[in-house]
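What follows is a single structure, written as C-alpha cells, with notes after it.
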Amino acid sequence: NAENKKIKLMHIKTLISEGTMSKQAKTLTAAELRRALDYVATRRHAARNRAMLMSMYLAGLRVGECAALTYGDVVDGEGAVRDEIRLTPEQTKGRHARVVFVSERLRKELTSYVRAHPSGDHSRRLFYTQKRGAVGFTANTLCQHFFYLFRRAGIEGASSHSPRRTFITNLAEKGVSVRVLQSLAGHRNISTTQAYIDVNDAMKRRAVELV
C-alpha cells in the first residue's frame with residue numbers, strides 16, 4: 001500500500017544519506033569489528049550472524065554470495081569444511097563462477113558453525129532467517145540484516161558491503177598485489193578492485209618510509 005511504499009522510500013533515502021548504498025562503504029577498524037562481534041554474541045542467532053560476518057570479512061564474499069551458500073558448497077562428504085568454495089554463476093554477481101579460498105581462520109569459524117547447526121542435506125542453505133519455515137536469506141534481506149546489525153552495534157556508516165571492502169583493503173595494506181586482489185574479489189576489471197581499496201594514514205606512513 002501507499003504507506004508501506006512511503007516507509008520503504010524513507011529507508012532507501014536513509015541508506016543513501018548515510019553512504020551505505022555506495023560502493024565506497026565504510027571499512028571496519030579492528031575495534032569496530034570487535035564491537036560488532038561483541039554485539040552479535042549478546043543477541044539471538046549469534047553463531048549464524050558471526051559466521052556470516054566472518055565469511056565476508058575473511059574471504060571477501062559479496063552479501064549475495066553469502067546468502068546463496070549451501071552446505072554442499074562449504075562442507076565435503078566427510079563433514080569437513082572445504083579449503084575452497086566453488087561458487088556457480090547463479091551464485092555470483094554478473095553470473096561468473098569463481099573460487100573462494102578459505103583461510104585457516106575462516107575454516108575454524110565455519111567448522112564451529114556447522115557443528116552447532118549440522119545438516120544431512122547438502123543442498124540446504126547454509127544460513128537461514130529467523131522466520132518460521134526455514135526461509136533462506138536473499139541478497140536484499142541479508143543487506144538489510146547487516147545494515148541494522150551495524151547500526152545497533154553503534155557503527156555508523158557501515159553496511160553489508162563493509163566486511164568485503166575491509167577484506168580487500170586489509171590485504172592491500174599488507175602488500176598483496178592488485179592483480180591477486182582482483183582475483184580474490186572476483187572482479188572482472190582491475191579498476192573496480194582499485195576503487196575498493198581505502199587508503200589510510202598508516203599505509204601512507206609506511207609508503208614514505210620506503211623512499
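Chain identifiers are assigned as A, B, and so on, following the order in which chains appear in the C-alpha cells; residues are numbered from 1 within each chain, and ligands are numbered from 1 in order of appearance.
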Which residues in chain A does DSSP call strand (DSSP E)? List them as a PDB file with N, CA, C and O atoms, in the first residue's frame.
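Ended up saving to out-v3.pdb:
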```pdb
ATOM      1  N   GLU A  84      38.371 -24.733  -0.390  1.00  0.00           N
ATOM      2  CA  GLU A  84      37.912 -23.813  -1.426  1.00  0.00           C
ATOM      3  C   GLU A  84      36.397 -23.920  -1.565  1.00  0.00           C
ATOM      4  O   GLU A  84      35.837 -25.014  -1.505  1.00  0.00           O
ATOM      5  N   ILE A  85      35.762 -22.793  -1.753  1.00  0.00           N
ATOM      6  CA  ILE A  85      34.324 -22.749  -2.010  1.00  0.00           C
ATOM      7  C   ILE A  85      34.141 -22.370  -3.473  1.00  0.00           C
ATOM      8  O   ILE A  85      34.581 -21.293  -3.897  1.00  0.00           O
ATOM      9  N   ARG A  86      33.547 -23.251  -4.238  1.00  0.00           N
ATOM     10  CA  ARG A  86      33.362 -23.007  -5.670  1.00  0.00           C
ATOM     11  C   ARG A  86      31.947 -22.488  -5.918  1.00  0.00           C
ATOM     12  O   ARG A  86      30.975 -23.232  -5.803  1.00  0.00           O
ATOM     13  N   LEU A  87      31.879 -21.223  -6.264  1.00  0.00           N
ATOM     14  CA  LEU A  87      30.588 -20.576  -6.499  1.00  0.00           C
ATOM     15  C   LEU A  87      30.192 -20.721  -7.963  1.00  0.00           C
ATOM     16  O   LEU A  87      31.008 -20.510  -8.869  1.00  0.00           O
ATOM     17  N   ARG A  98      33.335 -18.466  -9.667  1.00  0.00           N
ATOM     18  CA  ARG A  98      34.627 -18.135  -9.091  1.00  0.00           C
ATOM     19  C   ARG A  98      34.913 -19.034  -7.886  1.00  0.00           C
ATOM     20  O   ARG A  98      34.005 -19.673  -7.333  1.00  0.00           O
ATOM     21  N   VAL A  99      36.190 -19.071  -7.505  1.00  0.00           N
ATOM     22  CA  VAL A  99      36.635 -19.872  -6.371  1.00  0.00           C
ATOM     23  C   VAL A  99      36.959 -18.950  -5.212  1.00  0.00           C
ATOM     24  O   VAL A  99      37.688 -17.960  -5.376  1.00  0.00           O
ATOM     25  N   VAL A 100      36.428 -19.256  -4.045  1.00  0.00           N
ATOM     26  CA  VAL A 100      36.711 -18.503  -2.824  1.00  0.00           C
ATOM     27  C   VAL A 100      37.630 -19.364  -1.955  1.00  0.00           C
ATOM     28  O   VAL A 100      37.290 -20.508  -1.629  1.00  0.00           O
ATOM     29  N   PHE A 101      38.783 -18.821  -1.609  1.00  0.00           N
ATOM     30  CA  PHE A 101      39.745 -19.576  -0.814  1.00  0.00           C
ATOM     31  C   PHE A 101      39.460 -19.379   0.675  1.00  0.00           C
ATOM     32  O   PHE A 101      39.254 -18.259   1.147  1.00  0.00           O
TER      33      PHE A 101
END
```
Using only C-alpha atoms, tabulate the residues of segment 14-71 of chain A lying at most 12 Å from any atom of segment 175-198 of chain A, each with its closest atom pair and that distance in Å to one decimal, by chain and increasing residue number, as a tab-separated table.
```
residue	atom	partner	partner_atom	distance
A:Ser22	CA	A:Tyr196	CA	11.0
A:Lys23	CA	A:Tyr196	CA	7.5
A:Gln24	CA	A:Tyr196	CA	6.8
A:Ala25	CA	A:Tyr196	CA	8.6
A:Lys26	CA	A:Asp198	CA	8.7
A:Thr27	CA	A:Asp198	CA	7.2
A:Leu28	CA	A:Asp198	CA	10.4
A:Thr29	CA	A:Asp198	CA	11.5
A:Met56	CA	A:Ala185	CA	10.6
A:Tyr57	CA	A:Ala185	CA	11.6
A:Leu58	CA	A:Leu184	CA	11.0
A:Ala59	CA	A:Leu184	CA	8.0
A:Gly60	CA	A:Ala185	CA	6.1
A:Leu61	CA	A:Ala185	CA	7.5
A:Arg62	CA	A:Ala185	CA	8.6
A:Glu65	CA	A:Gly186	CA	11.1
```
Hey, can you spit out that residue selection with C-alpha atoms as a PDB file, in the first residue's frame?
```
ATOM      1  CA  SER A  22      27.555   3.464  -2.039  1.00  0.00           C
ATOM      2  CA  LYS A  23      30.378   1.340  -3.420  1.00  0.00           C
ATOM      3  CA  GLN A  24      32.570   3.271  -1.023  1.00  0.00           C
ATOM      4  CA  ALA A  25      31.174   1.575   2.041  1.00  0.00           C
ATOM      5  CA  LYS A  26      32.927   2.161   5.347  1.00  0.00           C
ATOM      6  CA  THR A  27      35.929  -0.053   6.071  1.00  0.00           C
ATOM      7  CA  LEU A  28      35.934  -1.544   9.553  1.00  0.00           C
ATOM      8  CA  THR A  29      38.731  -0.989  12.022  1.00  0.00           C
ATOM      9  CA  MET A  56      32.527 -11.768   4.271  1.00  0.00           C
ATOM     10  CA  TYR A  57      35.341 -10.287   6.364  1.00  0.00           C
ATOM     11  CA  LEU A  58      37.817 -13.158   5.931  1.00  0.00           C
ATOM     12  CA  ALA A  59      37.025 -14.262   2.377  1.00  0.00           C
ATOM     13  CA  GLY A  60      35.621 -11.151   0.705  1.00  0.00           C
ATOM     14  CA  LEU A  61      32.271 -12.731  -0.089  1.00  0.00           C
ATOM     15  CA  ARG A  62      29.614 -10.470  -1.524  1.00  0.00           C
ATOM     16  CA  GLU A  65      27.174 -14.869  -2.377  1.00  0.00           C
TER      17      GLU A  65
END
```
Legend entry - All helix (DSSP H, G or I) residues (DSSP, backbone) inside segment 5-196 of chain A, as a VMD selection string: chain A and resid 5 to 17 30 to 41 46 to 59 63 to 68 71 to 74 89 to 91 104 to 116 139 to 152 162 to 173 178 to 185 190 to 196
Legend entry - Minimum-distance residue to Arg105 of chain A, chosen among A:Leu126, A:Ser55, A:Cys66, A:Asp76 (using only C-alpha atoms): A:Ser55
Rows by chain and residue number, segment 118-190 of chain A within 8 Å of segment 34-40 of chain A, shortest pair, only C-alpha atoms, as JSON lines:
```
{"residue": "A:Leu149", "atom": "CA", "partner": "A:Ala36", "partner_atom": "CA", "distance": 7.8}
{"residue": "A:Phe150", "atom": "CA", "partner": "A:Ala36", "partner_atom": "CA", "distance": 6.6}
{"residue": "A:Ala153", "atom": "CA", "partner": "A:Ala36", "partner_atom": "CA", "distance": 5.7}
{"residue": "A:Ile155", "atom": "CA", "partner": "A:Ala36", "partner_atom": "CA", "distance": 7.8}
```
Inset, instruction - Grab the atom CA of Ala31 of chain A to atom CA of Val81 of chain A distance for me, in Å with one decimal place. - result: 28.0 Å
Legend entry - Shortest interatomic distance to Arg44 of chain A - which of A:Thr166, A:Glu78, A:Thr129, A:Gln144, counting only C-alpha atoms: A:Thr129
Legend entry - One-decimal distance in Å that lies between atom CA of Glu109 of chain A and atom CA of Ala51 of chain A: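 Between these atoms lies a distance of 6.2 Å.
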Legend entry - Computed interatomic separation between atom CA of Arg107 of chain A and atom CA of Gly72 of chain A (Å): 14.6 Å
Legend entry - Near-Arg206 of chain A list (12 Å; only C-alpha atoms; drop same-chain fewer than 6 positions) as a PyMOL selection string: chain A and resi 173-175+199-200
Inset, instruction - Point out the residue among A:His45, A:Asn170, A:Phe146, A:Arg165 with the least atom-to-atom distance to Tyr128 of chain A, counting only C-alpha atoms. - result: A:His45
Inset, instruction - May I have the residues within 9 Å of Phe147 of chain A as a list in words, using only C-alpha atoms and disregarding those fewer than 4 positions away in the same chain? - result: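 After dropping sequence-adjacent residues, the list is Leu15, Thr20, Leu142, Cys143, Arg151, Arg152, Gly157, Ala158, Ser159 and Ser160 of chain A.
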